[in-house]
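Containing mmCIF, C-alpha atoms: final34.cif.
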```cif
data_final
#
loop_
_atom_site.label_atom_id
_atom_site.label_comp_id
_atom_site.auth_asym_id
_atom_site.auth_seq_id
_atom_site.Cartn_x
_atom_site.Cartn_y
_atom_site.Cartn_z
CA MET A 16 28.90 44.28 40.58
CA MET A 17 26.20 43.64 38.02
CA ARG A 18 26.33 40.81 35.50
CA ALA A 19 26.03 41.40 31.78
CA ASP A 20 22.69 40.61 30.15
CA ASN A 21 23.30 37.49 28.05
CA SER A 22 19.65 36.71 27.43
CA HIS A 23 20.08 37.42 23.73
CA HIS A 24 22.08 34.16 23.47
CA VAL A 25 19.21 32.18 24.99
CA ILE A 26 16.71 33.91 22.73
CA ALA A 27 18.87 33.25 19.65
CA ALA A 28 19.22 29.56 20.56
CA ALA A 29 15.46 29.25 21.04
CA HIS A 30 14.89 30.90 17.68
CA ARG A 31 17.34 28.48 15.99
CA ARG A 32 15.56 25.48 17.58
CA SER A 33 12.21 26.81 16.41
CA GLN A 34 13.48 27.33 12.86
CA GLN A 35 15.00 23.84 12.84
CA ALA A 36 11.74 22.29 14.06
CA GLN A 37 9.80 24.16 11.36
CA GLN A 38 12.20 22.90 8.69
CA GLN A 39 11.97 19.34 10.01
CA ALA A 40 8.18 19.47 10.02
CA ALA A 41 8.02 20.94 6.50
CA SER A 42 10.44 18.28 5.22
CA ALA A 43 8.49 15.52 6.93
CA LEU A 44 5.28 16.81 5.40
CA ARG A 45 6.81 16.80 1.90
CA ARG A 46 8.21 13.26 2.38
CA LEU A 47 4.90 11.88 3.62
CA ASP A 48 2.99 13.55 0.80
CA SER A 49 5.48 12.41 -1.86
CA ALA A 50 5.36 8.84 -0.58
CA GLY A 51 1.56 8.88 -0.57
CA HIS A 52 1.28 8.30 3.17
CA ALA A 53 -1.69 9.52 5.15
CA ILE A 54 -1.26 13.08 6.31
CA SER A 55 -2.26 13.84 9.89
CA PHE A 56 -0.86 15.86 12.75
CA ASP A 57 0.23 12.59 14.37
CA THR A 58 2.09 11.23 11.33
CA VAL A 59 3.83 14.55 10.66
CA ALA A 60 4.81 14.94 14.33
CA LYS A 61 6.29 11.44 14.46
CA GLU A 62 8.11 11.82 11.15
CA ALA A 63 9.55 15.23 12.11
CA GLY A 64 10.31 14.42 15.74
CA VAL A 65 8.16 17.27 17.07
CA SER A 66 5.06 17.35 19.24
CA ARG A 67 1.54 17.44 17.87
CA SER A 68 0.68 20.33 20.17
CA TRP A 69 3.56 22.35 18.71
CA LEU A 70 2.29 21.67 15.17
CA TYR A 71 -1.13 23.03 16.11
CA THR A 72 0.52 26.30 17.19
CA GLN A 73 2.25 26.80 13.83
CA PRO A 74 -0.31 28.47 11.54
CA HIS A 75 1.42 27.79 8.21
CA LEU A 76 2.19 24.14 9.04
CA ARG A 77 -1.29 23.59 10.44
CA ALA A 78 -2.88 25.05 7.29
CA GLU A 79 -0.71 22.88 5.04
CA ILE A 80 -1.48 19.70 7.00
CA GLU A 81 -5.20 20.44 6.86
CA ARG A 82 -5.02 21.25 3.12
CA LEU A 83 -3.16 18.02 2.28
CA ARG A 84 -5.43 15.98 4.52
CA GLN A 85 -8.49 17.40 2.75
CA ARG A 86 -6.92 16.76 -0.66
CA GLN A 87 -6.28 13.13 0.27
CA ARG A 88 -9.88 12.70 1.43
CA SER A 89 -11.33 14.16 -1.75
CA SER A 90 -8.93 12.20 -3.98
CA LEU A 91 -10.11 8.95 -2.40
CA ASP A 92 -13.63 9.83 -3.48
CA ARG A 93 -12.46 10.33 -7.05
CA ILE A 94 -10.25 7.28 -7.58
CA VAL A 95 -12.62 5.98 -10.25
CA PRO A 96 -14.88 8.51 -11.94
CA ASP A 97 -18.59 7.67 -11.86
CA ARG A 98 -18.75 7.24 -15.63
CA GLN A 99 -16.01 4.58 -15.46
CA ARG A 100 -17.50 2.59 -12.60
CA ALA A 101 -19.04 -0.74 -13.54
CA SER A 102 -22.78 -1.06 -13.13
CA ASP A 103 -24.34 -3.81 -11.02
CA PRO A 104 -25.62 -5.74 -14.09
CA SER A 105 -22.14 -5.50 -15.65
CA LEU A 106 -20.49 -6.83 -12.48
CA ARG A 107 -23.02 -9.67 -12.29
CA ALA A 108 -22.34 -10.61 -15.91
CA ARG A 109 -18.58 -10.65 -15.25
CA LEU A 110 -19.10 -12.77 -12.14
CA THR A 111 -21.27 -15.24 -14.06
CA ALA A 112 -18.63 -15.48 -16.80
CA ALA A 113 -15.91 -16.05 -14.20
CA HIS A 114 -17.92 -18.84 -12.56
CA GLU A 115 -18.45 -20.48 -15.94
CA ARG A 116 -14.74 -20.28 -16.72
CA ILE A 117 -13.94 -21.85 -13.33
CA ARG A 118 -16.33 -24.76 -14.10
CA GLU A 119 -14.67 -25.25 -17.51
CA LEU A 120 -11.20 -25.29 -15.97
CA GLN A 121 -12.28 -27.75 -13.26
CA ALA A 122 -13.68 -30.10 -15.93
CA GLU A 123 -10.48 -29.77 -17.97
CA ASN A 124 -8.39 -30.56 -14.87
CA ARG A 125 -10.46 -33.71 -14.25
CA ARG A 126 -9.96 -34.83 -17.89
CA LEU A 127 -6.22 -34.16 -17.71
CA ARG A 128 -5.84 -36.02 -14.39
CA THR A 129 -7.67 -39.01 -15.84
CA ALA A 130 -5.53 -38.95 -18.99
CA LEU A 131 -2.38 -38.69 -16.90
CA ALA A 132 -3.42 -41.62 -14.70
CA GLU A 133 -4.12 -43.73 -17.78
CA ALA A 134 -0.76 -42.77 -19.34
CA ILE A 135 1.07 -43.68 -16.13
CA GLY A 136 -0.75 -47.02 -16.06
CA VAL A 137 0.17 -47.79 -19.67
CA ASN A 138 3.76 -46.77 -18.99
CA ARG A 139 3.99 -49.08 -15.97
CA THR A 140 2.48 -51.98 -17.90
CA THR A 141 4.92 -51.47 -20.76
CA ALA A 142 7.87 -51.16 -18.39
CA THR A 143 6.85 -54.31 -16.53
CA ARG A 144 6.60 -56.34 -19.75
CA HIS A 145 10.04 -55.21 -20.91
CA SER A 146 11.74 -55.84 -17.58
CA ARG A 147 10.76 -59.55 -17.35
CA PRO A 148 13.54 -62.01 -18.03
CA LEU A 149 13.33 -63.85 -21.32
CA GLU A 150 11.91 -67.39 -21.13
CA SER A 151 13.81 -70.12 -22.92
#
```
As structure tokens, the full file:
Amino acid sequence: MMRADNSHHVIAAAHRRSQQAQQQAASALRRLDSAGHAISFDTVAKEAGVSRSWLYTQPHLRAEIERLRQRQRSSLDRIVPDRQRASDPSLRARLTAAHERIRELQAENRRLRTALAEAIGVNRTTATRHSRPLES
């Protein structure tokens, strides 16, 4: 007696697993991209729960990962356009101004500490005079 060929069930299950893995990888890729995370085969594999080697065998996923990775690299180069970048003399001038402001604030802090110490001293002297018993 010959058994029936049930291999179509195994094939169908493998196809379903493959489809599910592709959906998980695509979803993971969208989540990582939306959240601004670095896109790499490793990050997508971990997020999707699939292997890196499997990702490399999926042409459409591989192309999308490489496209997003390249877009992230080029966007890092263009965070601040050249025309908006500060020149070295401008940065030096801002640094000099910041140092001057720090010196001014330090001097003001010293004056305020001195004034506070004097006010505390006057307050103690006044309190001591008023707390003495009256002499008869």
Looking at A:Glu62, A:Asp48, A:Glu115, A:Asp20, which one is nearest to Ala36 in chain A, with distances taken over only C-alpha atoms?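 Selected residue with least distance to Ala36 in chain A: A:Glu62.
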Could you spell out the hits of the PyMOL selection byres ((chain A and resi 59) around 10) on the shown file, as JSON, numbers by chain? {"A": [39, 40, 41, 42, 43, 44, 45, 46, 47, 48, 53, 54, 55, 56, 57, 58, 60, 61, 62, 63, 64, 65, 66, 67, 70, 76, 80]}
Have a look at CA of Gln73 in chain A and CA of Ala27 in chain A and let me know their distance in Å, one decimal.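 Straight-line distance from CA of Gln73 in chain A to CA of Ala27 in chain A works out to 18.8 Å.
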Straight-line distance linking CA of Arg86 in chain A with CA of His52 in chain A, stated in Å to one decimal: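 Value for the CA of Arg86 in chain A-CA of His52 in chain A distance: 12.4 Å.
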Record the distance separating CA of Ser49 in chain A and CA of Gln87 in chain A, expressed in Å with one decimal.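 Separation between CA of Ser49 in chain A and CA of Gln87 in chain A: 12.0 Å.
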Looking at all atoms listed in the file, which of A:Arg84, A:Thr129, A:Asp103, A:Ser146 is the one that sits closest to Gly51 in chain A?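 Comparing A:Arg84, A:Thr129, A:Asp103, A:Ser146 against Gly51 in chain A, the winner is A:Arg84.
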